[in-house]
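K.L.:
Questions regarding the structure given below will be posed in turn.
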Amino acid sequence: MHARTRLGIGAVGVLTTAGLLTGCGQAGSSGTDAPETAATGAGCAPVAGDELVVLTDDKSLQNSDNIIPVVNADAATPPLIAALDQVSAALDTPKLIQLNKAVNEDRKTPAVAAAEFASAHDLTTGIAAGPGGTIRVGAANFSESETLAELYKIVLVAAGYQVEVQQIGSRELYEPALEKGEIQVFPEYAATLAEFLNTKANGEGAEPVSSPNLDETVAALKALSAEANLALGAPAAAQNQNAFAVTRAFADQHGVRTLSELAEKCSGQETVLAGPPECPQRPKCQVGLVEVYDFRAGSFSSLDAGGPQTKNALRTGEVSVGLVFSSDGALTAG
């Protein structure tokens with residue numbers, strides 16, 4: 001999993017929080033194991049297909065992990081924040097999927113994908129000049145973060161700054177650097193960062209502060225950020241959080257578009273749920289599917305967290321539904 005993997009907030013935060021299900025199978029097991037909570041009924045057997053679609057989280061199992069620019073407070077001038085907000089205003093989840101597809105499927109560099117997006121969406125139009133100076137934009141060690149950092153670079157250059165992008169790695173490394181001003185700007189995820197700062201300030205057992213409500217999550221994040229010498233731009237509509245995908249053929253055959261419909265029509269013995277080994281113990285993965293939706297799969301296949309194993313198993317008809325990340329470039333946007 002990448003740096004912001006979200007399998008467990010209540011447990012952590014969204015995709016970091018994202019994959020909390022309740023469980024079956026032993027962590028680290030391979031193959032298909034029967035869940036502890038027995039499923040009754042026939043269920044829905046897997047249906048192979050190349051096109052993967054995300055089922056709508058209609059009861060808000062996942063927390064609000066919207067993209068949000070985070071800035072060292074000493075560098076947070078109004079022109080700089082306004083420039084970053086241009087990116088937030090242009091990004092929704094379907095567009096983020098297309099950006100990730102450009103990099104991960106079409107093999108463009110993050111800089112090229114960002115430049116094409118900026119041109120197509122007039123991203124620099126109307127940007128006011130700031131005071132200038134050098135700005136270092138950080139990126140985590142996965143391609144989506146790198147692409148977002150390149151978008152931030154484009155708007156900040158348009159605002160008159162000298163900008164460099166620096167890949168730093170995990171949140172444990174880059175967040176202290178952001179607090180100290182060693183980097184000035186970073187693309188973040190609202191719920192995941194809120195829980196990171198919450199745990200850092202209040203200990204591992206701190207009550208979670210993020211929720212499916214974006215306004216509540218951002219309000220909590222704003223308070224925690226202020227204590228850490230950080231400022232926030234506006235959150236984007238775009239989210240990267242845990243999600244559950246099926247093939248388009250499966251969705252059409254069984255008539256499911258939402259997680260509620262999946263639970264109603266497909267709880268049962270033939271339904272195979274796939275995800276990382278920890279999914280059965282995570283509140284945003286299998287545990288959450290049971291508690292929030294009363295979805296009970298017949299078996300659990302221990303694979304990876306939204307990676308090639310899970311996506312391939314969906315496409316080849318080995319599993320019915322799998323944990324993915326909602327902005328994955330392999331998904332059908334929209």
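Each chain in the structure tokens gets a letter, A, B and so on, in the order shown; residues start at 1 in every chain, and ligands are counted from 1 in the order they appear.
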DSSP on the backbone, strand (DSSP E) only: what residues of segment 173-279 of chain A does that give? Format it as a ChimeraX atom specification.
P.N.:
/A:185-189,230-232,242-247,268-275
K.L.:
Hey, what's within 7 Å of segment 64-72 of chain A if we count only C-alpha atoms and toss same-chain stuff fewer than 6 positions away? As a PyMOL selection string, please?
P.N.:
chain A and resi 14+84+178-179+181+184-192+211-214+217+229-241
K.L.:
Rounded to one decimal, what separation in Å do you get between atom CA of Lys222 of chain A and atom CA of Lys200 of chain A?
P.N.:
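Rounded to one decimal, the two atoms are 14.8 Å apart.
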K.L.:
Mind checking which residues fall within 12 Å of Arg257 of chain A, counting only C-alpha atoms, ignoring those fewer than 6 positions away in the same chain, and posting them as a compact mmCIF listing (two decimals) with N, CA and C atoms, in the first residue's frame?
P.N.:
```txt
# COMPACT_ATOMS: atom_id res chain seq x y z
N LEU A 52 -13.98 -1.88 -14.63
CA LEU A 52 -14.24 -1.87 -13.20
C LEU A 52 -14.96 -0.58 -12.81
N VAL A 53 -15.99 -0.72 -12.00
CA VAL A 53 -16.77 0.44 -11.54
C VAL A 53 -16.88 0.39 -10.02
N VAL A 54 -16.94 1.57 -9.41
CA VAL A 54 -17.06 1.69 -7.96
C VAL A 54 -18.53 1.75 -7.58
N LEU A 55 -18.92 1.00 -6.58
CA LEU A 55 -20.27 1.06 -6.05
C LEU A 55 -20.40 2.27 -5.13
N THR A 56 -21.48 3.01 -5.26
CA THR A 56 -21.69 4.21 -4.47
C THR A 56 -21.83 3.88 -2.99
N ASP A 57 -21.06 4.61 -2.18
CA ASP A 57 -21.12 4.46 -0.73
C ASP A 57 -22.29 5.29 -0.21
N ASP A 58 -23.52 4.81 -0.40
CA ASP A 58 -24.71 5.62 -0.17
C ASP A 58 -25.04 5.83 1.30
N PHE A 244 -15.30 0.20 -3.02
CA PHE A 244 -15.51 -1.21 -3.39
C PHE A 244 -15.98 -1.27 -4.84
N ALA A 245 -15.25 -2.06 -5.61
CA ALA A 245 -15.50 -2.12 -7.06
C ALA A 245 -15.99 -3.50 -7.46
N VAL A 246 -16.73 -3.50 -8.56
CA VAL A 246 -17.16 -4.73 -9.23
C VAL A 246 -16.90 -4.53 -10.72
N THR A 247 -17.03 -5.57 -11.50
CA THR A 247 -16.96 -5.37 -12.95
C THR A 247 -18.26 -4.75 -13.43
N ARG A 248 -18.18 -4.05 -14.53
CA ARG A 248 -19.40 -3.51 -15.13
C ARG A 248 -20.38 -4.64 -15.45
N ALA A 249 -19.85 -5.77 -15.90
CA ALA A 249 -20.72 -6.92 -16.21
C ALA A 249 -21.43 -7.43 -14.97
N PHE A 250 -20.73 -7.45 -13.84
CA PHE A 250 -21.35 -7.87 -12.57
C PHE A 250 -22.46 -6.89 -12.19
N ALA A 251 -22.16 -5.59 -12.25
CA ALA A 251 -23.15 -4.57 -11.88
C ALA A 251 -24.40 -4.68 -12.75
N ALA A 263 -25.66 -5.21 -0.76
CA ALA A 263 -26.04 -5.92 0.46
C ALA A 263 -27.40 -6.60 0.30
N GLU A 264 -28.33 -5.88 -0.31
CA GLU A 264 -29.69 -6.41 -0.46
C GLU A 264 -29.74 -7.61 -1.40
N LYS A 265 -29.01 -7.51 -2.51
CA LYS A 265 -29.13 -8.52 -3.56
C LYS A 265 -28.05 -9.59 -3.52
N CYS A 266 -26.91 -9.28 -2.91
CA CYS A 266 -25.76 -10.17 -3.07
C CYS A 266 -25.17 -10.72 -1.78
N VAL A 321 -16.50 -8.72 -5.51
CA VAL A 321 -16.32 -7.31 -5.14
C VAL A 321 -14.98 -7.18 -4.45
```
K.L.:
Do you know which residues are at most 12 Å from Leu99 of chain A counting only C-alpha atoms, after dropping those on the same chain fewer than 3 positions away, and could you put them as a VMD selection string?
P.N.:
chain A and resid 91 to 96 102 to 118 120 143 to 148 150 to 151 238 327 to 331 333
